[in-house]
>>> print(open('entry_19.txt').read())   # compact mmCIF, C-alpha atoms and all ligand atoms
# COMPACT_ATOMS: atom_id res chain seq x y z
CA MET A 10 -22.02 -75.57 88.78
CA GLN A 11 -21.57 -79.26 89.32
CA ALA A 12 -20.56 -82.05 87.03
CA THR A 13 -22.22 -85.42 87.44
CA GLU A 14 -19.78 -88.19 86.80
CA VAL A 15 -20.53 -91.77 86.13
CA GLU A 16 -17.61 -94.04 86.73
CA ASN A 17 -17.38 -97.70 86.00
CA PHE A 18 -14.96 -99.64 88.11
CA GLU A 19 -13.92 -103.17 87.49
CA TYR A 20 -11.68 -104.92 89.88
CA LEU A 21 -11.44 -108.35 91.37
CA GLY A 22 -14.16 -109.56 89.05
CA LYS A 23 -16.64 -107.01 90.41
CA SER A 24 -18.05 -104.17 88.40
CA GLU A 25 -19.63 -101.13 89.94
CA THR A 26 -21.24 -98.05 88.49
CA VAL A 27 -21.10 -94.99 90.70
CA GLU A 28 -22.80 -91.70 89.99
CA LYS A 29 -21.28 -88.82 91.85
CA GLN A 30 -21.16 -85.06 91.92
CA LYS A 31 -17.87 -83.27 92.15
CA ILE A 32 -18.15 -80.51 94.77
CA ILE A 33 -14.45 -79.55 95.02
CA THR A 34 -11.66 -79.93 92.48
CA LEU A 35 -7.98 -79.35 93.14
CA GLU A 36 -6.10 -78.53 89.94
CA ASP A 37 -2.30 -78.48 89.88
CA VAL A 38 -2.07 -77.23 93.44
CA ASN A 39 1.45 -76.31 94.55
CA ILE A 40 2.05 -75.10 98.09
CA HIS A 41 5.19 -73.51 99.48
CA TYR A 42 6.22 -72.56 103.00
CA GLY A 43 8.67 -69.77 102.21
CA SER A 44 11.09 -71.36 99.75
CA PHE A 45 10.20 -74.94 100.78
CA HIS A 46 8.09 -76.70 98.17
CA ALA A 47 5.73 -78.67 100.42
CA VAL A 48 3.25 -80.00 97.84
CA LYS A 49 3.59 -80.26 94.08
CA ASP A 50 0.97 -80.54 91.35
CA ALA A 51 -1.84 -82.04 93.41
CA SER A 52 -4.98 -82.60 91.32
CA LEU A 53 -7.94 -84.51 92.66
CA PRO A 54 -11.72 -84.42 92.94
CA ILE A 55 -13.78 -84.37 96.13
CA TYR A 56 -17.23 -85.85 95.65
CA GLU A 57 -20.36 -84.58 97.33
CA LYS A 58 -21.70 -86.53 100.31
CA GLN A 59 -18.84 -88.94 100.17
CA VAL A 60 -15.88 -89.38 102.49
CA THR A 61 -12.44 -88.82 100.98
CA ALA A 62 -9.42 -89.97 103.00
CA PHE A 63 -5.92 -88.53 102.69
CA ILE A 64 -3.26 -91.06 103.67
CA GLY A 65 0.51 -91.22 103.35
CA PRO A 66 3.75 -91.07 105.35
CA SER A 67 4.53 -88.26 107.75
CA GLY A 68 5.40 -84.98 106.04
CA CYS A 69 3.87 -85.83 102.65
CA GLY A 70 1.56 -82.81 102.82
CA LYS A 71 -1.80 -84.29 103.81
CA SER A 72 -2.62 -81.55 106.32
CA THR A 73 -1.21 -78.87 104.03
CA VAL A 74 -3.51 -79.95 101.19
CA LEU A 75 -6.45 -80.28 103.59
CA ARG A 76 -5.93 -76.73 104.85
CA SER A 77 -5.80 -75.42 101.27
CA ILE A 78 -9.43 -76.50 100.86
CA ASN A 79 -10.77 -73.83 103.22
CA ARG A 80 -7.88 -71.39 103.01
CA MET A 81 -6.60 -72.16 106.50
CA ASN A 82 -3.07 -71.93 105.07
CA ASP A 83 -3.75 -68.18 104.68
CA MET A 84 -3.18 -67.98 108.42
CA ILE A 85 0.34 -69.43 108.18
CA ARG A 86 2.98 -66.81 107.52
CA GLY A 87 5.01 -67.61 104.41
CA ALA A 88 2.52 -70.14 103.02
CA THR A 89 1.70 -69.58 99.34
CA ILE A 90 -0.39 -71.54 96.88
CA ASP A 91 -0.53 -71.83 93.08
CA GLY A 92 -3.09 -73.69 91.05
CA GLN A 93 -6.81 -73.80 91.66
CA VAL A 94 -9.16 -75.07 94.29
CA LEU A 95 -12.64 -75.00 92.81
CA PHE A 96 -15.71 -75.18 95.05
CA HIS A 97 -18.90 -75.58 93.03
CA GLY A 98 -16.75 -74.51 90.09
CA GLN A 99 -15.64 -71.25 91.73
CA ASP A 100 -11.96 -70.61 92.42
CA LEU A 101 -11.61 -70.26 96.20
CA TYR A 102 -8.46 -68.19 95.73
CA ALA A 103 -10.01 -65.63 93.38
CA LYS A 104 -9.54 -62.01 94.50
CA ASP A 105 -13.19 -61.36 95.35
CA VAL A 106 -13.61 -64.44 97.56
CA ASP A 107 -13.91 -63.86 101.33
CA PRO A 108 -12.08 -66.65 103.22
CA VAL A 109 -14.36 -66.16 106.23
CA LEU A 110 -17.38 -67.07 104.12
CA ILE A 111 -15.54 -70.09 102.72
CA ARG A 112 -14.81 -71.36 106.22
CA ARG A 113 -18.53 -71.20 107.00
CA SER A 114 -19.28 -73.52 104.09
CA ILE A 115 -16.16 -75.64 104.58
CA GLY A 116 -15.65 -76.24 108.29
CA MET A 117 -12.75 -77.89 110.03
CA VAL A 118 -12.23 -80.28 112.94
CA PHE A 119 -8.71 -80.63 114.34
CA GLN A 120 -6.63 -83.44 115.75
CA LYS A 121 -6.85 -82.29 119.34
CA PRO A 122 -10.35 -81.45 120.57
CA ASN A 123 -10.34 -77.68 121.13
CA PRO A 124 -13.64 -76.59 122.69
CA PHE A 125 -13.82 -73.05 124.01
CA PRO A 126 -13.53 -72.81 127.83
CA LYS A 127 -17.23 -71.99 127.95
CA SER A 128 -20.44 -73.93 128.47
CA ILE A 129 -21.48 -76.71 126.10
CA TYR A 130 -24.40 -74.50 125.02
CA GLU A 131 -22.17 -71.51 124.25
CA ASN A 132 -19.73 -73.64 122.29
CA ILE A 133 -22.54 -74.45 119.87
CA THR A 134 -24.10 -70.98 119.67
CA TRP A 135 -20.84 -69.02 119.36
CA GLY A 136 -20.37 -69.31 115.58
CA ALA A 137 -24.06 -68.85 114.87
CA LYS A 138 -24.09 -65.62 116.94
CA ILE A 139 -21.13 -64.23 115.00
CA ASN A 140 -22.97 -65.06 111.78
CA GLY A 141 -26.05 -63.17 113.01
CA PHE A 142 -28.24 -66.28 113.29
CA LYS A 143 -31.82 -65.18 113.93
CA GLY A 144 -33.44 -68.56 114.57
CA ASP A 145 -34.13 -70.54 117.73
CA TYR A 146 -30.85 -71.12 119.59
CA ASP A 147 -32.21 -73.92 121.80
CA GLU A 148 -33.26 -75.81 118.70
CA LEU A 149 -29.90 -75.18 117.03
CA VAL A 150 -28.08 -76.55 120.08
CA GLU A 151 -30.28 -79.65 120.24
CA THR A 152 -30.11 -80.49 116.53
CA SER A 153 -26.36 -79.89 116.31
CA LEU A 154 -25.69 -82.08 119.34
CA GLN A 155 -28.03 -84.75 118.03
CA LYS A 156 -26.32 -84.84 114.66
CA ALA A 157 -23.00 -85.18 116.45
CA ALA A 158 -24.38 -88.07 118.57
CA LEU A 159 -23.78 -86.18 121.81
CA TRP A 160 -27.23 -84.92 122.82
CA ASP A 161 -28.22 -87.83 125.07
CA GLU A 162 -24.99 -87.55 127.03
CA VAL A 163 -25.13 -83.79 127.64
CA LYS A 164 -28.76 -82.68 127.43
CA ASP A 165 -28.99 -82.35 131.22
CA LYS A 166 -25.79 -80.35 131.60
CA LEU A 167 -25.72 -77.82 128.79
CA LYS A 168 -24.51 -75.11 131.19
CA GLN A 169 -21.51 -77.19 132.23
CA ASN A 170 -18.05 -76.13 131.06
CA ALA A 171 -17.13 -78.04 127.90
CA LEU A 172 -13.65 -78.76 129.25
CA GLN A 173 -15.21 -81.11 131.82
CA LEU A 174 -16.27 -83.51 129.06
CA SER A 175 -14.16 -86.56 128.13
CA GLY A 176 -11.81 -86.27 125.13
CA GLY A 177 -14.18 -88.17 122.86
CA GLN A 178 -17.14 -86.05 123.99
CA GLN A 179 -15.10 -82.88 123.45
CA GLN A 180 -14.32 -83.97 119.90
CA ARG A 181 -18.00 -84.69 119.19
CA LEU A 182 -18.78 -81.25 120.66
CA CYS A 183 -16.27 -79.70 118.23
CA ILE A 184 -18.02 -81.55 115.41
CA ALA A 185 -21.39 -80.26 116.68
CA ARG A 186 -19.95 -76.73 116.81
CA THR A 187 -18.86 -77.08 113.19
CA LEU A 188 -22.29 -78.39 112.16
CA ALA A 189 -24.05 -75.47 113.89
CA VAL A 190 -22.83 -73.04 111.23
CA GLN A 191 -24.35 -75.28 108.56
CA PRO A 192 -21.38 -76.15 106.41
CA GLU A 193 -21.52 -78.24 103.26
CA VAL A 194 -18.08 -79.72 103.69
CA ILE A 195 -16.24 -80.83 106.85
CA LEU A 196 -12.46 -81.18 106.84
CA MET A 197 -11.13 -83.45 109.58
CA ASP A 198 -7.42 -83.53 110.40
CA GLU A 199 -6.80 -86.81 112.24
CA PRO A 200 -9.95 -86.29 114.32
CA ALA A 201 -9.55 -89.48 116.36
CA SER A 202 -5.81 -89.74 116.81
CA ALA A 203 -5.92 -88.31 120.34
CA LEU A 204 -8.77 -90.62 121.40
CA ASP A 205 -9.02 -94.12 122.87
CA PRO A 206 -10.36 -97.00 120.72
CA ILE A 207 -13.97 -96.70 121.98
CA ALA A 208 -14.11 -92.94 121.39
CA THR A 209 -12.44 -93.51 117.99
CA GLY A 210 -15.12 -96.04 117.07
CA ARG A 211 -17.83 -93.50 117.92
CA ILE A 212 -16.20 -90.87 115.71
CA GLU A 213 -16.00 -93.37 112.85
CA GLU A 214 -19.69 -94.27 113.27
CA LEU A 215 -20.49 -90.57 113.33
CA ILE A 216 -18.58 -89.92 110.10
CA LEU A 217 -20.62 -92.62 108.37
CA GLU A 218 -23.84 -90.99 109.67
CA LEU A 219 -22.78 -87.48 108.70
CA LYS A 220 -21.94 -88.31 105.12
CA GLN A 221 -25.66 -88.54 104.40
CA TYR A 222 -25.74 -84.76 104.76
CA TYR A 223 -22.16 -83.51 104.38
CA THR A 224 -19.08 -83.99 102.25
CA ILE A 225 -16.18 -85.09 104.43
CA VAL A 226 -12.43 -85.04 103.85
CA ILE A 227 -10.36 -86.79 106.52
CA VAL A 228 -6.62 -86.98 107.08
CA THR A 229 -5.71 -90.18 108.86
CA HIS A 230 -2.61 -92.20 109.69
CA ASN A 231 -4.80 -95.16 110.44
CA MET A 232 -5.29 -97.20 107.30
CA GLY A 233 -7.95 -99.34 108.94
CA GLN A 234 -9.85 -96.13 109.60
CA ALA A 235 -9.46 -94.93 106.01
CA SER A 236 -10.76 -98.24 104.70
CA ARG A 237 -13.68 -98.30 107.16
CA VAL A 238 -14.97 -94.77 106.69
CA SER A 239 -13.98 -93.50 103.26
CA ASP A 240 -15.35 -93.89 99.75
CA ASN A 241 -12.26 -92.51 98.01
CA THR A 242 -8.65 -92.40 99.09
CA ALA A 243 -5.83 -90.11 98.05
CA PHE A 244 -2.39 -91.55 98.80
CA PHE A 245 0.36 -88.91 99.08
CA MET A 246 4.10 -89.55 98.99
CA VAL A 247 7.27 -87.49 99.36
CA ASP A 248 10.08 -87.22 96.83
CA GLU A 249 13.83 -86.99 97.57
CA GLY A 250 13.51 -83.24 98.23
CA ARG A 251 10.76 -83.95 100.85
CA THR A 252 8.16 -82.43 98.55
CA GLY A 253 4.78 -84.12 98.79
CA TYR A 254 2.82 -85.27 95.77
CA LEU A 255 -0.25 -87.34 95.03
CA GLU A 256 0.88 -90.86 94.20
CA GLU A 257 -2.52 -92.46 93.65
CA TYR A 258 -6.19 -91.59 93.98
CA ALA A 259 -8.94 -94.20 93.67
CA PRO A 260 -12.13 -95.53 95.22
CA THR A 261 -11.04 -96.80 98.64
CA GLU A 262 -11.80 -100.46 98.01
CA GLN A 263 -9.86 -100.40 94.79
CA LEU A 264 -6.89 -98.57 96.30
CA PHE A 265 -6.63 -100.99 99.21
CA LEU A 266 -7.40 -104.23 97.39
CA ASN A 267 -5.91 -103.58 93.99
CA PRO A 268 -3.62 -100.54 94.01
CA ALA A 269 -2.34 -99.40 90.64
CA HIS A 270 1.06 -98.25 91.91
CA LYS A 271 3.82 -100.27 93.56
CA LYS A 272 4.45 -97.52 96.15
CA THR A 273 0.81 -97.63 97.21
CA GLU A 274 0.96 -101.38 97.62
CA GLU A 275 4.14 -101.11 99.69
CA TYR A 276 2.66 -98.40 101.91
CA ILE A 277 -0.66 -100.10 102.61
CA SER A 278 1.08 -103.38 103.33
CA GLY A 279 3.21 -101.60 105.94
CA LYS A 280 6.56 -101.85 104.12
CA PHE A 281 7.29 -98.22 105.01
CA GLY A 282 5.53 -95.35 106.64
N1 LIG B 301 3.75 -73.98 109.11
C1 LIG B 301 4.72 -74.59 108.43
N2 LIG B 301 5.87 -73.95 108.14
C2 LIG B 301 6.86 -74.56 107.46
N3 LIG B 301 6.80 -75.83 107.03
C3 LIG B 301 5.68 -76.52 107.29
C4 LIG B 301 4.59 -75.95 108.01
N4 LIG B 301 3.61 -76.88 108.13
C5 LIG B 301 4.08 -77.98 107.51
N5 LIG B 301 5.31 -77.78 107.02
C6 LIG B 301 6.13 -78.74 106.27
O1 LIG B 301 5.43 -79.11 105.11
C7 LIG B 301 5.52 -80.51 104.89
C8 LIG B 301 4.13 -81.13 104.88
O2 LIG B 301 3.60 -81.03 106.20
P1 LIG B 301 2.16 -81.58 106.56
O3 LIG B 301 1.94 -81.31 108.02
O4 LIG B 301 1.18 -81.07 105.60
O5 LIG B 301 2.36 -83.15 106.30
P2 LIG B 301 1.47 -84.35 106.79
O6 LIG B 301 1.49 -85.36 105.70
O7 LIG B 301 0.14 -83.88 107.25
O8 LIG B 301 2.33 -84.85 108.02
P3 LIG B 301 1.92 -85.66 109.34
O9 LIG B 301 1.33 -86.94 108.87
O10 LIG B 301 3.23 -85.85 110.06
O11 LIG B 301 0.96 -84.80 110.11
C9 LIG B 301 6.44 -81.07 105.97
O12 LIG B 301 7.75 -81.14 105.46
C10 LIG B 301 6.34 -80.03 107.07
O13 LIG B 301 7.52 -79.97 107.84
>>> encode(input="entry_19.txt", output="structure tokens", more="lines below")
Ligand SMILES: Nc1ncnc2c1ncn2[C@@H]1O[C@H](COP(=O)(O)OP(=O)(O)OP(=O)(O)O)[C@@H](O)[C@H]1O
Amino acid sequence: MQATEVENFEYLGKSETVEKQKIITLEDVNIHYGSFHAVKDASLPIYEKQVTAFIGPSGCGKSTVLRSINRMNDMIRGATIDGQVLFHGQDLYAKDVDPVLIRRSIGMVFQKPNPFPKSIYENITWGAKINGFKGDYDELVETSLQKAALWDEVKDKLKQNALQLSGGQQQRLCIARTLAVQPEVILMDEPASALDPIATGRIEELILELKQYYTIVIVTHNMGQASRVSDNTAFFMVDEGRTGYLEEYAPTEQLFLNPAHKKTEEYISGKFG
């Protein structure tokens, strides 16, 4: 079940009509770690085949909210969630939902590249094997690496250990590994923060390529990166009790050029952070 939304934006004398499909909706999401209230009342849409950036100061709950989208917080002892995360209208936290299946549809790429200490080829085929993939593995490896813009660099050394690749190549391999299980959504938690500027630029180019086929949610500390790669931006803040909350959500251009809230303006202009 998907709702098509038509939004009209007017800012800085420009008007824009955007038609978009909501694929994920967070409704009044509250997340605790034990008794600590980490995130309160987060509600926001994630639109299909768009890039949504989560920005905000350290500790405001960006990664916590990101992990709630594919139930990765389930793995953290003491983490609890209230509210709803709807994926195609279905509550991901309903009793009959298998988190393993969710993580196939909603994959994740982490801050530090974390390939398995195995060959490049095996890194790609691993998830597919577990899922009982019956197709052509060579083809899967080639298409996944091509989509992740890594094929040309590694096609002659697929048997080589993945840990011998550069950091940027390892991160693109992790993206290829995620793509190989054919997700609809890719969550990226600061995917370029451990990389040099050239490798970062390649990841940003890749994100713009991938959004033709996938919905992407990215946590980033780098506001330039958020403005370059994302269509929508969610700006999170922390209150006096260190609880994170969503301060403002808007199309990226609007949020950066004409923020509705004073705190957003102060944050994006570097007054705190
Ligand atoms: N596993 C955990 N156990 C307990 N508290 C946690 C855990 N993970 C995060 N927190 C706390 O929850 C709050 C939100 O953390 P989170 O990592 O989501 O913020 P963030 O905005 O992504 O931060 P950063 O930008 O520094 O990565 C912080 O106060 C953090 O200390």
>>> atom_distance(input="entry_19.txt", atom1="atom CA of A:Glu199", atom2="atom N2 of ligand LIG 301 (chain B)")
18.5 Å
>>> closest_residue(input="entry_19.txt", among="A:Ile40, A:Leu215, A:Leu172, A:Val118", to="ligand LIG 301 (chain B)", atoms="all atoms listed in the file")
A:Ile40
>>> residues_around(input="entry_19.txt", residues="A:Pro122", least_positions_apart="2", cutoff="8 Å", atoms="only C-alpha atoms", output="ChimeraX atom specification")
/A:118-120,124,176,179-180,183,200
>>> residues_near_ligand(input="entry_19.txt", ligand="ligand LIG 301 (chain B)", cutoff="8 Å", atoms="all atoms listed in the file", output="ChimeraX atom specification")
/A:41-43,45-48,64-75,85-88,228-230,245,251-253
>>> residues_near_point(input="entry_19.txt", point="(-19.6, -80.3, 129.1)", cutoff="10 Å", atoms="all atoms listed in the file", output="list of chain:residue names")
A:Pro124, A:Pro126, A:Lys127, A:Ser128, A:Ile129, A:Tyr130, A:Asn132, A:Glu162, A:Val163, A:Lys164, A:Asp165, A:Lys166, A:Leu167, A:Lys168, A:Gln169, A:Asn170, A:Ala171, A:Leu172, A:Gln173, A:Leu174, A:Ser175, A:Gln178, A:Gln179, A:Leu182
>>> atom_distance(input="entry_19.txt", atom1="atom CA of A:Asn231", atom2="atom CA of A:Ser202")
8.4 Å
>>> closest_residue(input="entry_19.txt", among="A:Ser52, A:Asn79, A:Ser44, A:Gln30", to="A:Tyr254", atoms="all atoms listed in the file")
A:Ser52
>>> atom_distance(input="entry_19.txt", atom1="atom CA of A:Lys121", atom2="atom CA of A:Ala203")
6.2 Å
>>> closest_residue(input="entry_19.txt", among="A:Ala235, A:Arg80, A:Leu159, A:Tyr223", to="A:Val194", atoms="all atoms listed in the file")
A:Tyr223
>>> closest_residue(input="entry_19.txt", among="A:Glu36, A:Glu257, A:Asp147, A:Glu57", to="A:Asp240", atoms="all atoms listed in the file")
A:Glu57
>>> closest_residue(input="entry_19.txt", among="A:Ile78, A:Asp100, A:Pro260, A:Phe244", to="A:Tyr276", atoms="all atoms listed in the file")
A:Phe244
>>> decode(input="entry_19.txt", residues="stretch 52-84 of chain A", atoms="N, CA and C atoms", output="PDB file, in the first residue's frame")
ATOM      1  N   SER A  52       8.390  11.530  13.947  1.00  0.00           N
ATOM      2  CA  SER A  52       7.459  11.188  12.865  1.00  0.00           C
ATOM      3  C   SER A  52       7.995  11.791  11.581  1.00  0.00           C
ATOM      4  N   LEU A  53       8.187  10.942  10.583  1.00  0.00           N
ATOM      5  CA  LEU A  53       8.648  11.486   9.300  1.00  0.00           C
ATOM      6  C   LEU A  53       8.436  10.465   8.191  1.00  0.00           C
ATOM      7  N   PRO A  54       8.306  10.964   6.964  1.00  0.00           N
ATOM      8  CA  PRO A  54       8.167  10.052   5.823  1.00  0.00           C
ATOM      9  C   PRO A  54       9.514   9.798   5.156  1.00  0.00           C
ATOM     10  N   ILE A  55       9.638   8.634   4.541  1.00  0.00           N
ATOM     11  CA  ILE A  55      10.790   8.337   3.673  1.00  0.00           C
ATOM     12  C   ILE A  55      10.193   8.054   2.293  1.00  0.00           C
ATOM     13  N   TYR A  56      10.638   8.792   1.308  1.00  0.00           N
ATOM     14  CA  TYR A  56      10.058   8.649  -0.027  1.00  0.00           C
ATOM     15  C   TYR A  56      10.879   7.710  -0.905  1.00  0.00           C
ATOM     16  N   GLU A  57      10.124   6.962  -1.708  1.00  0.00           N
ATOM     17  CA  GLU A  57      10.721   5.950  -2.578  1.00  0.00           C
ATOM     18  C   GLU A  57      11.650   6.566  -3.626  1.00  0.00           C
ATOM     19  N   LYS A  58      12.791   5.906  -3.804  1.00  0.00           N
ATOM     20  CA  LYS A  58      13.791   6.323  -4.801  1.00  0.00           C
ATOM     21  C   LYS A  58      14.199   7.783  -4.639  1.00  0.00           C
ATOM     22  N   GLN A  59      14.235   8.179  -3.389  1.00  0.00           N
ATOM     23  CA  GLN A  59      14.817   9.471  -3.055  1.00  0.00           C
ATOM     24  C   GLN A  59      15.862   9.227  -1.974  1.00  0.00           C
ATOM     25  N   VAL A  60      16.714  10.231  -1.767  1.00  0.00           N
ATOM     26  CA  VAL A  60      17.692  10.143  -0.684  1.00  0.00           C
ATOM     27  C   VAL A  60      17.223  11.057   0.448  1.00  0.00           C
ATOM     28  N   THR A  61      17.131  10.483   1.642  1.00  0.00           N
ATOM     29  CA  THR A  61      16.774  11.263   2.829  1.00  0.00           C
ATOM     30  C   THR A  61      17.996  11.321   3.729  1.00  0.00           C
ATOM     31  N   ALA A  62      18.392  12.524   4.122  1.00  0.00           N
ATOM     32  CA  ALA A  62      19.559  12.672   5.011  1.00  0.00           C
ATOM     33  C   ALA A  62      19.084  12.960   6.428  1.00  0.00           C
ATOM     34  N   PHE A  63      19.770  12.336   7.399  1.00  0.00           N
ATOM     35  CA  PHE A  63      19.567  12.657   8.810  1.00  0.00           C
ATOM     36  C   PHE A  63      20.780  13.458   9.264  1.00  0.00           C
ATOM     37  N   ILE A  64      20.552  14.685   9.713  1.00  0.00           N
ATOM     38  CA  ILE A  64      21.654  15.498  10.231  1.00  0.00           C
ATOM     39  C   ILE A  64      21.318  15.960  11.647  1.00  0.00           C
ATOM     40  N   GLY A  65      22.330  16.489  12.331  1.00  0.00           N
ATOM     41  CA  GLY A  65      22.105  17.014  13.676  1.00  0.00           C
ATOM     42  C   GLY A  65      23.322  16.783  14.543  1.00  0.00           C
ATOM     43  N   PRO A  66      23.394  17.454  15.689  1.00  0.00           N
ATOM     44  CA  PRO A  66      24.579  17.347  16.546  1.00  0.00           C
ATOM     45  C   PRO A  66      24.755  15.949  17.118  1.00  0.00           C
ATOM     46  N   SER A  67      25.959  15.674  17.585  1.00  0.00           N
ATOM     47  CA  SER A  67      26.283  14.362  18.126  1.00  0.00           C
ATOM     48  C   SER A  67      25.323  13.989  19.263  1.00  0.00           C
ATOM     49  N   GLY A  68      24.844  12.760  19.225  1.00  0.00           N
ATOM     50  CA  GLY A  68      23.999  12.262  20.307  1.00  0.00           C
ATOM     51  C   GLY A  68      22.519  12.576  20.156  1.00  0.00           C
ATOM     52  N   CYS A  69      22.127  13.163  19.005  1.00  0.00           N
ATOM     53  CA  CYS A  69      20.709  13.544  18.857  1.00  0.00           C
ATOM     54  C   CYS A  69      19.849  12.371  18.377  1.00  0.00           C
ATOM     55  N   GLY A  70      20.452  11.223  18.146  1.00  0.00           N
ATOM     56  CA  GLY A  70      19.655  10.034  17.846  1.00  0.00           C
ATOM     57  C   GLY A  70      19.557   9.652  16.382  1.00  0.00           C
ATOM     58  N   LYS A  71      20.410  10.225  15.548  1.00  0.00           N
ATOM     59  CA  LYS A  71      20.334   9.920  14.114  1.00  0.00           C
ATOM     60  C   LYS A  71      20.514   8.436  13.840  1.00  0.00           C
ATOM     61  N   SER A  72      21.591   7.863  14.427  1.00  0.00           N
ATOM     62  CA  SER A  72      21.858   6.434  14.172  1.00  0.00           C
ATOM     63  C   SER A  72      20.787   5.562  14.818  1.00  0.00           C
ATOM     64  N   THR A  73      20.311   5.995  15.974  1.00  0.00           N
ATOM     65  CA  THR A  73      19.271   5.226  16.671  1.00  0.00           C
ATOM     66  C   THR A  73      18.003   5.156  15.811  1.00  0.00           C
ATOM     67  N   VAL A  74      17.616   6.285  15.242  1.00  0.00           N
ATOM     68  CA  VAL A  74      16.414   6.291  14.388  1.00  0.00           C
ATOM     69  C   VAL A  74      16.678   5.463  13.128  1.00  0.00           C
ATOM     70  N   LEU A  75      17.885   5.627  12.563  1.00  0.00           N
ATOM     71  CA  LEU A  75      18.214   4.863  11.350  1.00  0.00           C
ATOM     72  C   LEU A  75      18.066   3.366  11.614  1.00  0.00           C
ATOM     73  N   ARG A  76      18.629   2.922  12.748  1.00  0.00           N
ATOM     74  CA  ARG A  76      18.594   1.480  13.056  1.00  0.00           C
ATOM     75  C   ARG A  76      17.174   0.983  13.310  1.00  0.00           C
ATOM     76  N   SER A  77      16.279   1.897  13.714  1.00  0.00           N
ATOM     77  CA  SER A  77      14.894   1.465  13.965  1.00  0.00           C
ATOM     78  C   SER A  77      14.203   1.076  12.658  1.00  0.00           C
ATOM     79  N   ILE A  78      14.761   1.549  11.533  1.00  0.00           N
ATOM     80  CA  ILE A  78      14.085   1.330  10.246  1.00  0.00           C
ATOM     81  C   ILE A  78      14.283  -0.102   9.733  1.00  0.00           C
ATOM     82  N   ASN A  79      15.320  -0.790  10.191  1.00  0.00           N
ATOM     83  CA  ASN A  79      15.390  -2.215   9.820  1.00  0.00           C
ATOM     84  C   ASN A  79      15.569  -3.123  11.045  1.00  0.00           C
ATOM     85  N   ARG A  80      15.130  -2.601  12.175  1.00  0.00           N
ATOM     86  CA  ARG A  80      15.120  -3.361  13.419  1.00  0.00           C
ATOM     87  C   ARG A  80      16.520  -3.797  13.866  1.00  0.00           C
ATOM     88  N   MET A  81      17.517  -3.006  13.519  1.00  0.00           N
ATOM     89  CA  MET A  81      18.864  -3.321  14.020  1.00  0.00           C
ATOM     90  C   MET A  81      18.969  -3.039  15.513  1.00  0.00           C
ATOM     91  N   ASN A  82      18.095  -2.153  16.033  1.00  0.00           N
ATOM     92  CA  ASN A  82      18.122  -1.899  17.484  1.00  0.00           C
ATOM     93  C   ASN A  82      17.718  -3.136  18.280  1.00  0.00           C
ATOM     94  N   ASP A  83      17.022  -4.088  17.621  1.00  0.00           N
ATOM     95  CA  ASP A  83      16.662  -5.344  18.296  1.00  0.00           C
ATOM     96  C   ASP A  83      17.900  -6.036  18.865  1.00  0.00           C
ATOM     97  N   MET A  84      19.054  -5.781  18.201  1.00  0.00           N
ATOM     98  CA  MET A  84      20.274  -6.483  18.587  1.00  0.00           C
ATOM     99  C   MET A  84      20.940  -5.828  19.793  1.00  0.00           C
TER     100      MET A  84
END
